[in-house]
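What's in query-v2.cif: mmCIF, C-alpha atoms and all ligand atoms
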data_query
#
loop_
_atom_site.label_atom_id
_atom_site.label_comp_id
_atom_site.auth_asym_id
_atom_site.auth_seq_id
_atom_site.Cartn_x
_atom_site.Cartn_y
_atom_site.Cartn_z
CA LYS A 39 43.62 98.88 77.67
CA ALA A 40 44.02 99.56 73.96
CA PRO A 41 43.12 96.65 71.67
CA LYS A 42 45.95 94.92 69.82
CA PRO A 43 46.48 95.60 66.10
CA ILE A 44 44.45 93.41 63.78
CA VAL A 45 43.81 93.14 60.05
CA VAL A 46 40.90 91.35 58.40
CA SER A 47 40.17 90.87 54.71
CA THR A 48 37.82 89.10 52.34
CA TRP A 49 38.20 85.63 50.84
CA ASP A 50 40.90 82.99 51.17
CA PHE A 51 43.55 85.06 49.44
CA GLY A 52 43.15 87.57 52.26
CA ILE A 53 45.69 85.49 54.18
CA ALA A 54 48.52 86.45 51.82
CA ALA A 55 47.38 90.08 51.71
CA ASN A 56 47.13 90.25 55.51
CA LYS A 57 50.74 89.09 55.80
CA ALA A 58 51.89 92.18 53.93
CA ALA A 59 49.61 94.41 56.01
CA TRP A 60 50.89 92.81 59.21
CA GLN A 61 54.48 93.84 58.41
CA VAL A 62 53.30 97.44 58.73
CA LEU A 63 51.08 96.92 61.79
CA LYS A 64 53.57 94.93 63.83
CA SER A 65 56.15 97.70 63.71
CA GLY A 66 53.63 100.25 64.96
CA GLY A 67 52.75 101.54 61.49
CA ARG A 68 49.56 103.22 60.43
CA ALA A 69 46.49 101.17 59.50
CA LEU A 70 46.26 103.22 56.28
CA ASP A 71 49.75 102.10 55.18
CA ALA A 72 48.93 98.55 56.23
CA VAL A 73 45.80 98.22 54.10
CA GLU A 74 47.48 99.80 51.08
CA ALA A 75 50.44 97.39 51.33
CA GLY A 76 48.10 94.48 51.97
CA VAL A 77 45.87 94.87 48.94
CA HIS A 78 48.91 95.36 46.69
CA VAL A 79 49.42 91.59 46.95
CA PRO A 80 46.27 90.49 45.06
CA GLU A 81 46.45 93.55 42.80
CA SER A 82 49.71 92.37 41.27
CA ASP A 83 48.88 88.65 41.26
CA PRO A 84 48.19 87.44 37.69
CA ASP A 85 46.34 84.40 39.05
CA ASN A 86 43.77 86.54 40.76
CA HIS A 87 41.10 87.17 38.15
CA THR A 88 39.05 89.61 40.15
CA VAL A 89 41.64 92.19 41.20
CA GLY A 90 44.19 94.28 39.30
CA TYR A 91 46.68 92.63 36.93
CA GLY A 92 45.15 89.47 35.44
CA GLY A 93 41.61 90.57 36.25
CA PHE A 94 38.92 89.42 33.85
CA PRO A 95 37.98 92.17 31.38
CA ASP A 96 34.65 93.76 30.58
CA ARG A 97 32.63 92.38 27.67
CA ASP A 98 34.68 94.44 25.21
CA GLY A 99 37.98 93.07 26.46
CA HIS A 100 39.13 95.99 28.64
CA VAL A 101 40.38 95.34 32.17
CA THR A 102 38.84 98.18 34.20
CA LEU A 103 39.61 98.60 37.87
CA ASP A 104 37.69 100.08 40.82
CA ALA A 105 39.28 100.91 44.18
CA CYS A 106 38.87 103.10 47.23
CA ILE A 107 40.65 103.83 50.48
CA MET A 108 39.59 105.57 53.70
CA ASP A 109 41.51 106.61 56.82
CA GLU A 110 40.82 107.30 60.49
CA LEU A 111 40.13 110.98 59.84
CA GLY A 112 37.41 110.30 57.31
CA ASN A 113 39.67 111.20 54.41
CA CYS A 114 38.92 109.09 51.37
CA GLY A 115 39.94 108.61 47.76
CA SER A 116 38.61 106.52 44.92
CA VAL A 117 39.11 105.56 41.30
CA ALA A 118 36.62 103.83 39.05
CA ALA A 119 36.88 102.31 35.58
CA LEU A 120 40.62 102.90 35.66
CA GLU A 121 42.64 101.03 33.01
CA HIS A 122 46.31 100.08 32.61
CA ILE A 123 47.45 100.64 36.21
CA VAL A 124 48.44 97.66 38.36
CA HIS A 125 47.82 99.34 41.73
CA PRO A 126 44.58 101.33 41.57
CA ILE A 127 44.50 101.49 45.38
CA SER A 128 47.61 103.68 45.34
CA VAL A 129 46.04 105.95 42.73
CA ALA A 130 42.99 106.21 45.02
CA ARG A 131 45.29 107.17 47.89
CA LYS A 132 46.90 109.87 45.72
CA VAL A 133 43.45 111.22 44.85
CA MET A 134 42.79 111.41 48.60
CA GLU A 135 46.07 113.08 49.48
CA LYS A 136 46.85 115.26 46.48
CA THR A 137 43.53 116.53 45.17
CA PRO A 138 40.50 118.36 46.57
CA HIS A 139 38.34 115.49 45.22
CA VAL A 140 37.25 112.06 46.37
CA MET A 141 36.73 110.20 43.10
CA LEU A 142 38.28 110.15 39.62
CA VAL A 143 37.02 107.93 36.82
CA GLY A 144 38.07 106.52 33.47
CA GLU A 145 40.34 108.59 31.24
CA GLY A 146 40.73 111.31 33.86
CA ALA A 147 41.81 108.81 36.49
CA LEU A 148 44.36 107.35 34.06
CA GLN A 149 45.68 110.80 33.18
CA PHE A 150 46.06 111.62 36.89
CA ALA A 151 47.83 108.31 37.54
CA LEU A 152 50.32 108.87 34.70
CA GLU A 153 50.98 112.43 35.86
CA ASN A 154 51.77 111.01 39.29
CA GLY A 155 54.35 108.56 38.07
CA PHE A 156 52.32 105.36 37.72
CA LYS A 157 53.35 103.18 34.80
CA LYS A 158 50.97 102.35 31.96
CA GLU A 159 50.76 98.58 31.56
CA ASN A 160 48.76 95.93 29.80
CA LEU A 161 46.66 94.20 32.46
CA LEU A 162 45.03 91.61 30.23
CA THR A 163 47.00 88.39 30.70
CA PRO A 164 46.87 85.65 28.03
CA GLU A 165 44.85 83.51 30.46
CA SER A 166 42.24 86.22 31.06
CA GLU A 167 42.07 86.99 27.34
CA LYS A 168 41.42 83.32 26.64
CA ALA A 169 38.64 83.21 29.24
CA TRP A 170 37.09 86.32 27.70
CA LYS A 171 37.18 84.83 24.18
CA GLU A 172 35.52 81.68 25.48
CA TRP A 173 32.90 83.79 27.18
CA LEU A 174 32.21 85.73 23.95
CA LYS A 175 30.95 82.54 22.30
CA LYS A 176 27.81 82.68 24.42
CA SER A 177 28.08 86.19 25.87
CA GLU A 178 25.82 85.38 28.80
CA TYR A 179 26.29 87.61 31.80
CA LYS A 180 25.65 85.41 34.81
CA PRO A 181 27.93 86.13 37.74
CA VAL A 182 29.13 82.94 39.40
CA MET A 183 28.68 82.61 43.13
CA ASN A 184 31.90 82.42 45.20
CA ILE A 185 34.06 82.75 42.10
CA GLU A 186 36.38 84.60 44.46
CA ASN A 187 37.41 81.36 46.12
CA GLN A 188 37.78 79.46 42.87
CA ARG A 189 40.51 79.28 40.34
CA TYR A 190 40.28 79.60 36.59
CA GLN A 191 41.63 76.57 34.80
CA GLY A 192 41.44 77.83 31.26
CA LYS A 193 38.85 75.39 29.95
CA GLY A 194 35.41 75.86 28.52
CA THR A 195 32.80 78.52 28.91
CA SER A 196 30.69 77.64 31.90
CA ALA A 197 32.70 79.73 34.31
CA PHE A 198 30.21 82.51 34.02
CA ASN A 199 27.21 80.54 32.97
CA GLN A 200 25.98 78.92 36.09
CA GLY A 201 24.22 75.67 35.50
CA ALA A 202 25.77 74.98 32.09
CA GLU A 203 26.37 71.28 31.87
CA ASP A 204 28.86 70.54 29.16
CA GLU A 205 31.48 68.37 30.83
CA ASN A 206 34.29 70.28 29.16
CA THR A 207 33.13 73.51 30.64
CA THR A 208 34.02 73.17 34.28
CA ALA A 209 36.28 76.16 33.99
CA PHE A 210 36.37 76.83 37.70
CA SER A 211 36.92 74.41 40.46
CA PRO A 212 37.83 75.19 44.05
CA LEU A 213 41.52 75.05 44.75
CA LYS A 214 42.62 72.40 47.15
CA LEU A 215 45.86 73.81 48.43
CA PRO A 216 47.04 73.99 52.03
CA GLY A 217 45.40 76.97 53.65
CA ASN A 218 43.87 77.90 50.31
CA VAL A 219 46.25 80.82 50.16
CA TYR A 220 46.25 80.83 46.38
CA ASN A 221 42.55 81.44 46.05
CA HIS A 222 41.51 84.90 45.02
CA ASP A 223 39.11 87.77 44.36
CA THR A 224 37.94 91.29 45.10
CA ILE A 225 39.63 92.30 48.24
CA GLY A 226 38.17 94.41 51.00
CA MET A 227 40.54 94.92 53.93
CA VAL A 228 40.10 96.80 57.20
CA ALA A 229 42.67 97.21 59.96
CA LEU A 230 43.15 98.60 63.45
CA ASP A 231 46.64 99.84 64.37
CA ALA A 232 48.56 100.22 67.63
CA GLN A 233 47.29 103.80 67.93
CA SER A 234 43.72 102.41 67.86
CA ASN A 235 43.08 103.94 64.46
CA LEU A 236 41.04 102.24 61.76
CA SER A 237 41.48 102.36 57.98
CA GLY A 238 40.25 100.34 55.03
CA ALA A 239 40.83 99.58 51.36
CA CYS A 240 38.80 97.86 48.69
CA THR A 241 40.00 96.98 45.17
CA THR A 242 38.64 94.92 42.29
CA SER A 243 38.42 94.39 38.57
CA GLY A 244 34.66 94.16 39.13
CA MET A 245 32.25 91.60 37.80
CA ALA A 246 33.79 89.62 34.95
CA PHE A 247 32.47 90.56 31.49
CA LYS A 248 30.44 93.48 32.80
CA LEU A 249 29.14 96.14 30.41
CA ARG A 250 31.78 98.68 29.42
CA GLY A 251 31.56 101.55 31.90
CA ARG A 252 29.93 99.50 34.65
CA VAL A 253 31.08 100.47 38.13
CA GLY A 254 30.26 98.34 41.15
CA ASP A 255 30.20 99.01 44.87
CA SER A 256 33.92 98.58 45.52
CA PRO A 257 35.07 102.17 44.74
CA ILE A 258 32.00 103.77 46.30
CA ILE A 259 32.55 105.11 49.79
CA GLY A 260 29.72 103.80 51.97
CA ALA A 261 28.91 100.91 49.65
CA GLY A 262 32.07 98.81 49.19
CA LEU A 263 33.91 100.35 52.15
CA TYR A 264 33.32 102.61 55.12
CA VAL A 265 35.44 103.64 58.08
CA ASP A 266 34.33 105.62 61.11
CA ASN A 267 37.10 105.83 63.67
CA GLU A 268 34.64 106.24 66.56
CA VAL A 269 32.84 103.00 65.76
CA GLY A 270 34.38 100.59 63.28
CA ALA A 271 34.93 99.75 59.64
CA ALA A 272 33.22 97.53 57.10
CA THR A 273 33.70 96.26 53.57
CA ALA A 274 31.63 94.28 51.08
CA THR A 275 32.10 91.74 48.34
CA GLY A 276 29.82 90.05 45.84
CA VAL A 277 27.33 91.50 43.37
CA GLY A 278 27.97 95.21 43.81
CA GLU A 279 24.64 96.45 42.50
CA GLU A 280 22.88 94.97 45.54
CA VAL A 281 25.42 96.47 47.94
CA ILE A 282 24.98 99.93 46.41
CA ARG A 283 21.19 99.71 46.78
CA VAL A 284 21.48 99.42 50.58
CA VAL A 285 24.67 101.52 50.96
CA GLY A 286 25.94 98.38 52.63
CA SER A 287 29.20 99.23 54.37
CA PHE A 288 27.86 102.49 55.78
CA LEU A 289 24.83 100.59 57.02
CA VAL A 290 27.02 98.03 58.79
CA VAL A 291 29.04 100.76 60.53
CA GLU A 292 25.91 102.65 61.60
CA LEU A 293 24.42 99.44 63.02
CA MET A 294 27.61 98.89 65.02
CA ARG A 295 27.19 102.46 66.32
CA GLN A 296 23.76 101.42 67.61
CA GLY A 297 25.34 98.56 69.53
CA TYR A 298 25.23 95.67 67.06
CA SER A 299 28.20 93.29 67.13
CA PRO A 300 30.17 93.15 63.85
CA GLU A 301 28.50 89.88 62.86
CA ALA A 302 24.99 91.04 63.83
CA ALA A 303 25.51 94.26 61.85
CA CYS A 304 26.66 92.30 58.79
CA LYS A 305 23.68 89.97 59.15
CA GLU A 306 21.21 92.86 59.30
CA ALA A 307 22.72 94.38 56.15
CA VAL A 308 22.38 91.03 54.37
CA MET A 309 18.76 90.83 55.55
CA ARG A 310 18.01 94.23 54.00
CA ILE A 311 19.16 92.84 50.67
CA VAL A 312 17.04 89.71 51.11
CA LYS A 313 13.97 91.77 52.04
CA LYS A 314 14.29 93.98 48.98
CA ASN A 315 14.22 91.05 46.62
CA PRO A 316 14.20 87.53 48.07
CA ASP A 317 14.18 85.89 44.64
CA ARG A 318 17.17 87.80 43.36
CA ALA A 319 19.05 87.09 46.59
CA LYS A 320 18.73 83.35 45.95
CA GLY A 321 20.98 83.51 42.90
CA ILE A 322 23.78 85.83 43.98
CA GLN A 323 26.45 86.08 46.63
CA ILE A 324 27.03 89.05 48.95
CA GLY A 325 29.37 89.10 51.91
CA PHE A 326 29.96 91.82 54.49
CA LEU A 327 32.97 91.94 56.80
CA ALA A 328 33.29 94.27 59.79
CA LEU A 329 35.77 95.24 62.49
CA ASN A 330 34.88 97.41 65.46
CA LYS A 331 36.94 99.81 67.53
CA LYS A 332 37.57 97.10 70.14
CA GLY A 333 39.17 94.84 67.54
CA GLU A 334 36.17 92.49 67.37
CA HIS A 335 35.37 91.16 63.92
CA GLY A 336 32.54 89.38 62.20
CA ALA A 337 30.99 88.65 58.83
CA TYR A 338 27.79 87.44 57.25
CA CYS A 339 26.89 86.41 53.72
CA LEU A 340 23.96 85.25 51.62
CA HIS A 341 25.28 81.83 50.63
CA GLU A 342 27.83 79.40 51.94
CA GLY A 343 31.31 79.84 50.52
CA PHE A 344 32.39 83.28 51.70
CA SER A 345 35.50 83.31 53.88
CA TYR A 346 37.61 85.97 55.53
CA ALA A 347 41.15 86.13 56.83
CA VAL A 348 42.10 87.45 60.27
CA THR A 349 45.67 88.24 61.25
CA THR A 350 46.84 89.35 64.71
CA GLY A 351 50.47 88.19 64.63
CA ASP A 352 53.18 86.67 62.42
CA ASP A 353 51.85 83.19 63.11
CA LYS A 354 48.41 84.20 64.21
CA GLU A 355 46.35 83.96 61.09
CA GLU A 356 43.03 82.32 60.58
CA LEU A 357 40.56 81.75 57.79
CA ILE A 358 36.98 82.00 58.99
CA LYS A 359 33.88 80.84 57.13
CA GLY A 360 31.19 83.50 57.05
CA LYS A 361 27.82 82.45 58.45
CA HIS A 362 25.21 82.49 55.72
CA TYR A 363 21.51 83.16 55.29
CA PHE A 364 20.54 80.46 52.79
C1 LIG A 401 31.72 94.39 42.13
N1 LIG A 401 31.74 93.84 44.47
O1 LIG A 401 32.35 94.93 41.23
C2 LIG A 401 32.49 93.72 43.26
C3 LIG A 401 32.80 92.32 42.86
C4 LIG A 401 33.27 91.45 43.98
O2 LIG A 401 34.16 89.54 44.81
O3 LIG A 401 33.20 91.76 45.14
N2 LIG A 401 33.73 90.27 43.76
O4 LIG A 401 30.48 94.34 42.15
#

Go ahead and render the structure in this file as structure tokens.
Ligand code: SD4
Amino acid sequence: KAPKPIVVSTWDFGIAANKAAWQVLKSGGRALDAVEAGVHVPESDPDNHTVGYGGFPDRDGHVTLDACIMDELGNCGSVAALEHIVHPISVARKVMEKTPHVMLVGEGALQFALENGFKKENLLTPESEKAWKEWLKKSEYKPVMNIENQRYQGKGTSAFNQGAEDENTTAFSPLKLPGNVYNHDTIGMVALDAQSNLSGACTTSGMAFKLRGRVGDSPIIGAGLYVDNEVGAATATGVGEEVIRVVGSFLVVELMRQGYSPEAACKEAVMRIVKKNPDRAKGIQIGFLALNKKGEHGAYCLHEGFSYAVTTGDDKEELIKGKHYF
């Protein structure tokens, strides 16, 4: 018997994104269309400071976006360091469908987007600009763990300076809203449709206040996302440099091919990162999320605080805490 459609995605705000994806899946639509529609939700949400519109900029004040998409046939498309476009995932899909290439970056990606009818927009919201100006005062690049499930409150500078103790600088505090559906960050989403086909999408504004030109794992096929329709699909979130080093999502899928459950595969990928540098792993967050061909899902992360959303029906949605190493 074929497994039922399912969509899973990273962090608390995955619930809202999954709802949009579910509208496609429940009417028998393609997983590829579902994941594209799903990640559009955080991409256009100004309160999400790690994806699309409203994303925190690089250290020079430019909002630069990374995204990739992959379907059941192994087709894939990607954009990196793309500016001024609210839905980079749809540009990535156009790269996949309309060009002989997989990846376009920077100016060339923007040119391609404009030629394909995407609108040029300012993505830096007043709130994100304010956060950036605060950050400039100290200019310390220290990614904050689980920032994805926290909400910027427009105060102080400690948001990116872990351990800073000025009482006026608690710029992030976890949201306490029902279901935490307003919490946000980089989204990785993978889905299985009624035809038993898998697809995935990953989209982000990257690490806040990164160096200009920095590209993380999210737009890199095999690192931030991988889909193999025979086996399963995986996506990653957290400090992208570490995910790239172990080609994380590809690793998770290959481990599932060898018989690992989704959670066990995610755990093994996390362990590779720990083994490479246990000290570095102590101070950063990484989370992997996987879905296999049978519709089974699982996740694993370095530190407590990573969550993922699972949707299998209009009212069947769940937020699951990822098991963690530390
Ligand atoms: C990056 N992996 O650019 C992304 C950031 C992220 O949740 O996942 N944040 O490295």

Per residue of chain A within 6 Å of ligand LIG 401 (chain A), record the nearest atom pair and its distance in Å to one decimal, counting only C-alpha atoms and all ligand atoms, with rows in chain order and ascending residue number, as a tab-separated table.
residue	atom	partner	partner_atom	distance
A:Glu186	CA	A:LIG401	O2	5.4
A:Asp223	CA	A:LIG401	O2	5.3
A:Thr224	CA	A:LIG401	O2	4.2
A:Gly244	CA	A:LIG401	O1	3.2
A:Met245	CA	A:LIG401	O1	4.8
A:Gly254	CA	A:LIG401	O1	4.0
A:Asp255	CA	A:LIG401	N1	5.4
A:Ser256	CA	A:LIG401	N1	5.3
A:Thr275	CA	A:LIG401	O3	3.4
A:Gly276	CA	A:LIG401	O3	3.9
A:Val277	CA	A:LIG401	O4	4.4
A:Gly278	CA	A:LIG401	O4	3.1

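Here the question is which of A:Thr350, A:Thr48, A:Gln149, A:Ser166 gets nearest to A:Phe247 using only C-alpha atoms, and that residue is A:Ser166.
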
Measure the distance from atom CA of A:Val46 to atom CA of A:Asp96 in Å and round it to one decimal. 28.6 Å

Computed interatomic separation between atom CA of A:Leu293 and atom CA of A:Gly115 (Å):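 Computing the Euclidean distance for atom CA of A:Leu293 and atom CA of A:Gly115 yields 23.6 Å.
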
Determine, counting only C-alpha atoms, which protein, DNA and RNA residues have an atom within 12 Å of an atom of A:Pro164; residues of the same chain fewer than 2 positions away are not included. Present the result as a list of chain:residue names.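 Once the nearby chain positions are removed, what remains is A:Pro84, A:Asp85, A:His87, A:Tyr91, A:Gly92, A:Gly93, A:Phe94, A:Pro95, A:Gly99, A:Asn160, A:Leu161, A:Leu162, A:Ser166, A:Glu167, A:Lys168, A:Ala169, A:Trp170, A:Lys171, A:Gly192.
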
A:Ile107, A:Ala55, A:Ile259, A:Ala147: which is nearest A:Ser287, counting only C-alpha atoms?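 Looking at the shortest contact to A:Ser287, the residue is A:Ile259.
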
Test item: axis-aligned box, all listed atoms of stretch 123-129 of chain A, 6 Å on each side, centre and edges in Å rounded to one decimal, as lines of an AutoDock Vina configuration file:
center_x = 46.5
center_y = 101.8
center_z = 40.8
size_x = 15.9
size_y = 20.3
size_z = 21.2

Considering all atoms listed in the file, state which residue in the set A:Glu121, A:Glu81, A:Glu145, A:Asp71 is at the smallest distance from A:Gly52. A:Glu81

Excluding same-chain residues fewer than 2 positions from A:Met141, what lies within 6 Å of it counting only C-alpha atoms, as a list of chain:residue names?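 So, after excluding close chain neighbours, the residues are A:Gly115, A:Ser116, A:Val117, A:His139.
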
Quote the spacing between atom CA of A:Ala303 and atom CA of A:Thr241 in Å to one decimal place. 22.3 Å

Which residue is closest to A:Gly336? Choose from A:Gly262, A:Met134, A:Leu230, A:Ser47 and count all atoms listed in the file. A:Ser47

Residue with smallest distance to A:Asn113 - pool A:Asn267, A:Thr163, A:Val77, A:Phe51, counting only C-alpha atoms: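 Residue with the minimum atom-to-atom distance to A:Asn113: A:Asn267.
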
Option closest in space to A:Gly343, from A:Lys359, A:Lys320, A:Lys331, A:Lys136 [counting only C-alpha atoms]: A:Lys359

Report as a PyMOL selection string all protein, DNA and RNA residues lying within 12 Å of A:Met309, evaluated on all atoms listed in the file, omitting residues in the same chain fewer than 2 positions from it. chain A and resi 280-281+284+286+289-290+302-307+311-316+319+324-326+338-340+362-364

Just want the 6 Å neighbourhood of A:Ala118, counted on only C-alpha atoms, with same-chain residues fewer than 2 positions away dropped. Output as JSON, numbers by chain. {"A": [104, 120, 143]}

Protein and nucleic acid residues near (45.4, 107.3, 36.1) (cut-off 10 Å, all atoms listed in the file) as a count of residues only: 28

With all atoms listed in the file counted and 7 Å as the cut-off, give the residues of stretch 59-128 of chain A in contact with stretch 235-239 of chain A, each with its shortest interatomic distance in Å and the pair that gives it, as a tab-separated table.
residue	atom	partner	partner_atom	distance
A:Ala69	CA	A:Ser237	CA	5.4
A:Leu70	CA	A:Ser237	CA	5.1
A:Val73	CA	A:Ala239	CA	5.8
A:Glu74	CA	A:Ala239	CA	6.7
A:Cys106	CA	A:Ala239	CA	5.8
A:Ile107	CA	A:Ala239	CA	4.3
A:Met108	CA	A:Gly238	CA	5.4
A:Asp109	CA	A:Ser237	CA	4.4
A:Glu110	CA	A:Leu236	CA	5.2
